[in-house]
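Here the structure is laid out as structure tokens; the discussion comes afterwards.
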Amino acid sequence: MILLQQIGTEQTIRFIPRSESYDGLFITDDQTNTEVQVTIASSVQGDYYDSINATFGLVQNHFYNLEIRNGTTVVYKDKIFCTNQSANSYSINNGKFTSQSSDNEFIVL
């Protein structure tokens, strides 16, 4: 799964394609089921993985299906989740769950 943010600047995705060439990047919102073609700003083909820079028009807390295509042939598929939390500190319960503190005392009989 790829984590992206809801920002209006370019973001990078890294992937291992099934083919050496591709010409289209498409995302489909899971909630609205609408497909949008995203313009690829730049791409780099590396030895082990490729990178694409693009500006995505994403909505926070939405899941998306990602397809990278060469014509009509799909060369890579993945899921995208849009969140503005950092990947290292991501929590699904951010701001919604509070824990109870306890002194952890118990009695053994």
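Labels for the structure tokens follow display order: chains A, B, ..., residues from 1 in each chain, ligands from 1.
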
Step one, run DSSP on the backbone; step two, keep only residues of range 10-65 of chain A assigned to strand (DSSP E); then write them as a CSV table (one decimal) with all heavy atoms, in the first residue's frame.
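And here's out10.csv as it stands now:
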chain,number,residue,atom,x,y,z
A,11,GLN,N,4.2,14.4,-5.7
A,11,GLN,CA,4.6,13.3,-4.8
A,11,GLN,C,5.2,12.2,-5.6
A,11,GLN,O,4.9,12.0,-6.8
A,11,GLN,CB,3.4,12.8,-3.9
A,11,GLN,CG,2.8,13.9,-3.1
A,11,GLN,CD,1.7,13.4,-2.3
A,11,GLN,OE1,1.9,12.7,-1.3
A,11,GLN,NE2,0.5,13.8,-2.7
A,12,THR,N,6.0,11.4,-4.9
A,12,THR,CA,6.7,10.3,-5.6
A,12,THR,C,6.2,9.0,-5.2
A,12,THR,O,6.0,8.7,-4.0
A,12,THR,CB,8.3,10.4,-5.3
A,12,THR,OG1,8.8,11.6,-5.7
A,12,THR,CG2,9.0,9.3,-6.1
A,13,ILE,N,6.0,8.1,-6.2
A,13,ILE,CA,5.6,6.7,-5.9
A,13,ILE,C,6.7,5.8,-6.5
A,13,ILE,O,7.3,6.2,-7.6
A,13,ILE,CB,4.2,6.3,-6.4
A,13,ILE,CG1,4.1,6.5,-7.9
A,13,ILE,CG2,3.2,7.0,-5.7
A,13,ILE,CD1,2.8,5.9,-8.5
A,14,ARG,N,7.1,4.8,-5.8
A,14,ARG,CA,8.1,3.8,-6.3
A,14,ARG,C,7.4,2.5,-6.5
A,14,ARG,O,6.7,2.0,-5.6
A,14,ARG,CB,9.2,3.7,-5.3
A,14,ARG,CG,10.0,5.0,-5.2
A,14,ARG,CD,11.0,5.0,-4.1
A,14,ARG,NE,11.7,6.3,-3.9
A,14,ARG,CZ,11.2,7.3,-3.2
A,14,ARG,NH1,10.1,7.2,-2.6
A,14,ARG,NH2,11.9,8.4,-3.1
A,15,PHE,N,7.8,1.8,-7.6
A,15,PHE,CA,7.1,0.5,-7.9
A,15,PHE,C,8.0,-0.3,-8.8
A,15,PHE,O,9.0,0.1,-9.4
A,15,PHE,CB,5.8,0.8,-8.6
A,15,PHE,CG,5.9,1.5,-9.9
A,15,PHE,CD1,5.9,0.8,-11.1
A,15,PHE,CD2,6.1,2.9,-9.9
A,15,PHE,CE1,6.1,1.5,-12.3
A,15,PHE,CE2,6.2,3.6,-11.1
A,15,PHE,CZ,6.2,2.9,-12.3
A,24,GLY,N,0.5,5.6,-18.9
A,24,GLY,CA,-0.6,6.1,-18.2
A,24,GLY,C,-0.7,5.7,-16.7
A,24,GLY,O,-0.3,4.6,-16.4
A,25,LEU,N,-1.1,6.7,-15.9
A,25,LEU,CA,-1.3,6.5,-14.5
A,25,LEU,C,-2.8,6.8,-14.2
A,25,LEU,O,-3.2,7.9,-14.4
A,25,LEU,CB,-0.4,7.3,-13.7
A,25,LEU,CG,-0.3,7.1,-12.2
A,25,LEU,CD1,1.2,7.4,-11.7
A,25,LEU,CD2,-1.2,7.9,-11.4
A,26,PHE,N,-3.5,5.8,-13.6
A,26,PHE,CA,-4.9,6.0,-13.3
A,26,PHE,C,-5.2,5.6,-11.9
A,26,PHE,O,-4.7,4.7,-11.4
A,26,PHE,CB,-5.8,5.1,-14.2
A,26,PHE,CG,-5.6,5.3,-15.7
A,26,PHE,CD1,-4.6,4.8,-16.4
A,26,PHE,CD2,-6.5,6.2,-16.4
A,26,PHE,CE1,-4.4,5.0,-17.8
A,26,PHE,CE2,-6.3,6.5,-17.7
A,26,PHE,CZ,-5.3,5.9,-18.4
A,27,ILE,N,-6.0,6.5,-11.2
A,27,ILE,CA,-6.5,6.2,-9.9
A,27,ILE,C,-8.0,6.1,-9.9
A,27,ILE,O,-8.7,6.9,-10.6
A,27,ILE,CB,-5.9,7.2,-8.8
A,27,ILE,CG1,-6.4,8.6,-9.2
A,27,ILE,CG2,-4.4,7.1,-8.7
A,27,ILE,CD1,-6.0,9.6,-8.1
A,28,THR,N,-8.6,5.2,-9.1
A,28,THR,CA,-10.0,5.1,-8.9
A,28,THR,C,-10.3,5.2,-7.4
A,28,THR,O,-9.8,4.4,-6.6
A,28,THR,CB,-10.5,3.7,-9.4
A,28,THR,OG1,-10.0,3.6,-10.8
A,28,THR,CG2,-12.0,3.6,-9.4
A,29,ASP,N,-11.2,6.1,-7.1
A,29,ASP,CA,-11.6,6.3,-5.7
A,29,ASP,C,-12.6,5.2,-5.3
A,29,ASP,O,-13.5,4.9,-6.0
A,29,ASP,CB,-12.4,7.7,-5.6
A,29,ASP,CG,-12.7,8.0,-4.2
A,29,ASP,OD1,-12.7,7.2,-3.3
A,29,ASP,OD2,-12.8,9.3,-3.9
A,35,GLU,N,-12.8,7.0,-12.0
A,35,GLU,CA,-11.4,6.9,-12.4
A,35,GLU,C,-10.9,8.2,-13.0
A,35,GLU,O,-11.6,8.8,-13.8
A,35,GLU,CB,-11.3,5.7,-13.4
A,35,GLU,CG,-9.9,5.5,-13.9
A,35,GLU,CD,-9.8,4.4,-14.9
A,35,GLU,OE1,-10.1,4.6,-16.1
A,35,GLU,OE2,-9.5,3.3,-14.5
A,36,VAL,N,-9.7,8.5,-12.6
A,36,VAL,CA,-9.1,9.8,-13.1
A,36,VAL,C,-7.7,9.4,-13.6
A,36,VAL,O,-7.0,8.7,-13.0
A,36,VAL,CB,-9.0,10.8,-12.0
A,36,VAL,CG1,-8.2,12.0,-12.4
A,36,VAL,CG2,-10.3,11.1,-11.4
A,37,GLN,N,-7.3,10.0,-14.8
A,37,GLN,CA,-6.0,9.8,-15.3
A,37,GLN,C,-5.1,10.9,-14.7
A,37,GLN,O,-5.5,12.1,-14.8
A,37,GLN,CB,-5.9,9.8,-16.8
A,37,GLN,CG,-4.5,9.6,-17.3
A,37,GLN,CD,-4.5,9.4,-18.8
A,37,GLN,OE1,-5.5,9.6,-19.5
A,37,GLN,NE2,-3.3,9.1,-19.3
A,38,VAL,N,-4.0,10.6,-14.1
A,38,VAL,CA,-3.1,11.5,-13.5
A,38,VAL,C,-1.9,11.8,-14.5
A,38,VAL,O,-1.4,10.8,-15.0
A,38,VAL,CB,-2.6,11.0,-12.1
A,38,VAL,CG1,-1.6,11.9,-11.5
A,38,VAL,CG2,-3.7,10.7,-11.2
A,40,ILE,N,1.7,12.3,-15.5
A,40,ILE,CA,3.0,12.0,-15.0
A,40,ILE,C,3.9,13.2,-15.3
A,40,ILE,O,4.2,13.5,-16.4
A,40,ILE,CB,3.6,10.7,-15.6
A,40,ILE,CG1,2.6,9.5,-15.3
A,40,ILE,CG2,5.0,10.4,-15.2
A,40,ILE,CD1,3.0,8.2,-16.1
A,41,ALA,N,4.4,13.8,-14.2
A,41,ALA,CA,5.4,14.9,-14.4
A,41,ALA,C,6.7,14.5,-14.8
A,41,ALA,O,7.3,15.0,-15.7
A,41,ALA,CB,5.5,15.7,-13.0
A,42,SER,N,7.2,13.4,-14.2
A,42,SER,CA,8.5,12.8,-14.6
A,42,SER,C,8.6,11.4,-14.1
A,42,SER,O,7.9,11.0,-13.1
A,42,SER,CB,9.7,13.6,-14.0
A,42,SER,OG,9.7,13.6,-12.6
A,43,SER,N,9.4,10.6,-14.7
A,43,SER,CA,9.6,9.2,-14.3
A,43,SER,C,11.1,8.8,-14.4
A,43,SER,O,11.8,9.4,-15.3
A,43,SER,CB,8.7,8.3,-15.1
A,43,SER,OG,9.1,8.3,-16.5
A,44,VAL,N,11.5,7.9,-13.6
A,44,VAL,CA,12.9,7.5,-13.6
A,44,VAL,C,12.9,6.0,-13.6
A,44,VAL,O,12.2,5.4,-12.7
A,44,VAL,CB,13.7,8.0,-12.4
A,44,VAL,CG1,15.1,7.4,-12.3
A,44,VAL,CG2,13.7,9.5,-12.4
A,45,GLN,N,13.6,5.3,-14.5
A,45,GLN,CA,13.7,3.9,-14.5
A,45,GLN,C,15.0,3.5,-13.9
A,45,GLN,O,16.0,3.8,-14.4
A,45,GLN,CB,13.6,3.3,-15.9
A,45,GLN,CG,12.2,3.5,-16.5
A,45,GLN,CD,12.1,2.9,-17.9
A,45,GLN,OE1,13.1,2.7,-18.6
A,45,GLN,NE2,10.9,2.6,-18.3
A,50,ASP,N,11.2,1.6,-10.4
A,50,ASP,CA,10.9,2.8,-11.1
A,50,ASP,C,10.3,3.8,-10.2
A,50,ASP,O,9.6,3.4,-9.2
A,50,ASP,CB,10.0,2.6,-12.3
A,50,ASP,CG,10.7,1.8,-13.4
A,50,ASP,OD1,11.8,1.4,-13.2
A,50,ASP,OD2,10.0,1.5,-14.4
A,51,SER,N,10.4,5.1,-10.5
A,51,SER,CA,9.8,6.2,-9.7
A,51,SER,C,9.0,7.1,-10.6
A,51,SER,O,9.5,7.4,-11.7
A,51,SER,CB,10.9,7.0,-9.0
A,51,SER,OG,11.6,6.2,-8.1
A,52,ILE,N,7.9,7.5,-10.1
A,52,ILE,CA,7.0,8.5,-10.9
A,52,ILE,C,6.7,9.6,-10.0
A,52,ILE,O,6.3,9.4,-8.8
A,52,ILE,CB,5.7,7.8,-11.3
A,52,ILE,CG1,6.0,6.8,-12.5
A,52,ILE,CG2,4.7,8.9,-11.8
A,52,ILE,CD1,4.7,6.2,-13.0
A,53,ASN,N,6.9,10.8,-10.5
A,53,ASN,CA,6.5,12.1,-9.8
A,53,ASN,C,5.2,12.6,-10.5
A,53,ASN,O,5.2,12.7,-11.7
A,53,ASN,CB,7.6,13.1,-9.9
A,53,ASN,CG,8.8,12.8,-9.1
A,53,ASN,OD1,8.7,12.1,-8.1
A,53,ASN,ND2,10.0,13.2,-9.5
A,54,ALA,N,4.2,12.8,-9.6
A,54,ALA,CA,2.9,13.3,-10.2
A,54,ALA,C,2.2,14.1,-9.1
A,54,ALA,O,2.5,14.0,-7.9
A,54,ALA,CB,2.1,12.2,-10.7
A,63,PHE,N,-9.5,5.6,0.2
A,63,PHE,CA,-8.7,4.6,-0.4
A,63,PHE,C,-8.8,4.7,-2.0
A,63,PHE,O,-9.9,5.0,-2.4
A,63,PHE,CB,-9.1,3.2,0.0
A,63,PHE,CG,-8.6,2.8,1.4
A,63,PHE,CD1,-9.5,3.0,2.5
A,63,PHE,CD2,-7.4,2.3,1.6
A,63,PHE,CE1,-9.1,2.7,3.7
A,63,PHE,CE2,-7.0,1.9,2.9
A,63,PHE,CZ,-7.8,2.1,3.9
A,64,TYR,N,-7.8,4.4,-2.7
A,64,TYR,CA,-7.8,4.5,-4.1
A,64,TYR,C,-7.1,3.3,-4.7
A,64,TYR,O,-6.2,2.7,-4.1
A,64,TYR,CB,-7.0,5.7,-4.6
A,64,TYR,CG,-7.6,7.1,-4.2
A,64,TYR,CD1,-7.3,7.6,-3.0
A,64,TYR,CD2,-8.5,7.7,-5.0
A,64,TYR,CE1,-7.8,8.8,-2.6
A,64,TYR,CE2,-9.0,8.9,-4.6
A,64,TYR,CZ,-8.7,9.5,-3.4
A,64,TYR,OH,-9.2,10.7,-3.0
A,65,ASN,N,-7.6,2.9,-5.9
A,65,ASN,CA,-6.9,1.8,-6.7
A,65,ASN,C,-6.0,2.5,-7.7
A,65,ASN,O,-6.4,3.4,-8.4
A,65,ASN,CB,-7.9,0.9,-7.4
A,65,ASN,CG,-8.7,0.1,-6.4
A,65,ASN,OD1,-8.2,-0.4,-5.4
A,65,ASN,ND2,-10.0,0.0,-6.6

>> With only C-alpha atoms as the counted atoms, please give the residues lying no more than 9 Å from Lys79 in chain A, apart from itself and same-chain residues fewer than 2 positions off, as a PyMOL selection string.
In response: chain A and resi 1-3+63-67+77+81

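CA of Cys82 in chain A sits 5.2 Å away from CA of Gln5 in chain A.
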
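The shortest atom-to-atom distance to Asp78 in chain A, with only C-alpha atoms taken into account, belongs to A:Ile16 out of A:Ile107, A:Ile16, A:Ile7, A:Val59.
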
> Which residue, A:Gly8, A:Arg69, A:Pro17, A:His62, has the smallest gap to Gln31 in chain A when you use only C-alpha atoms?
Replying inline: A:His62

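Among the candidate residues A:Ser102, A:Leu4, A:Thr9, A:Tyr22, the one lying nearest to Thr72 in chain A is A:Tyr22, with distances computed using only C-alpha atoms.
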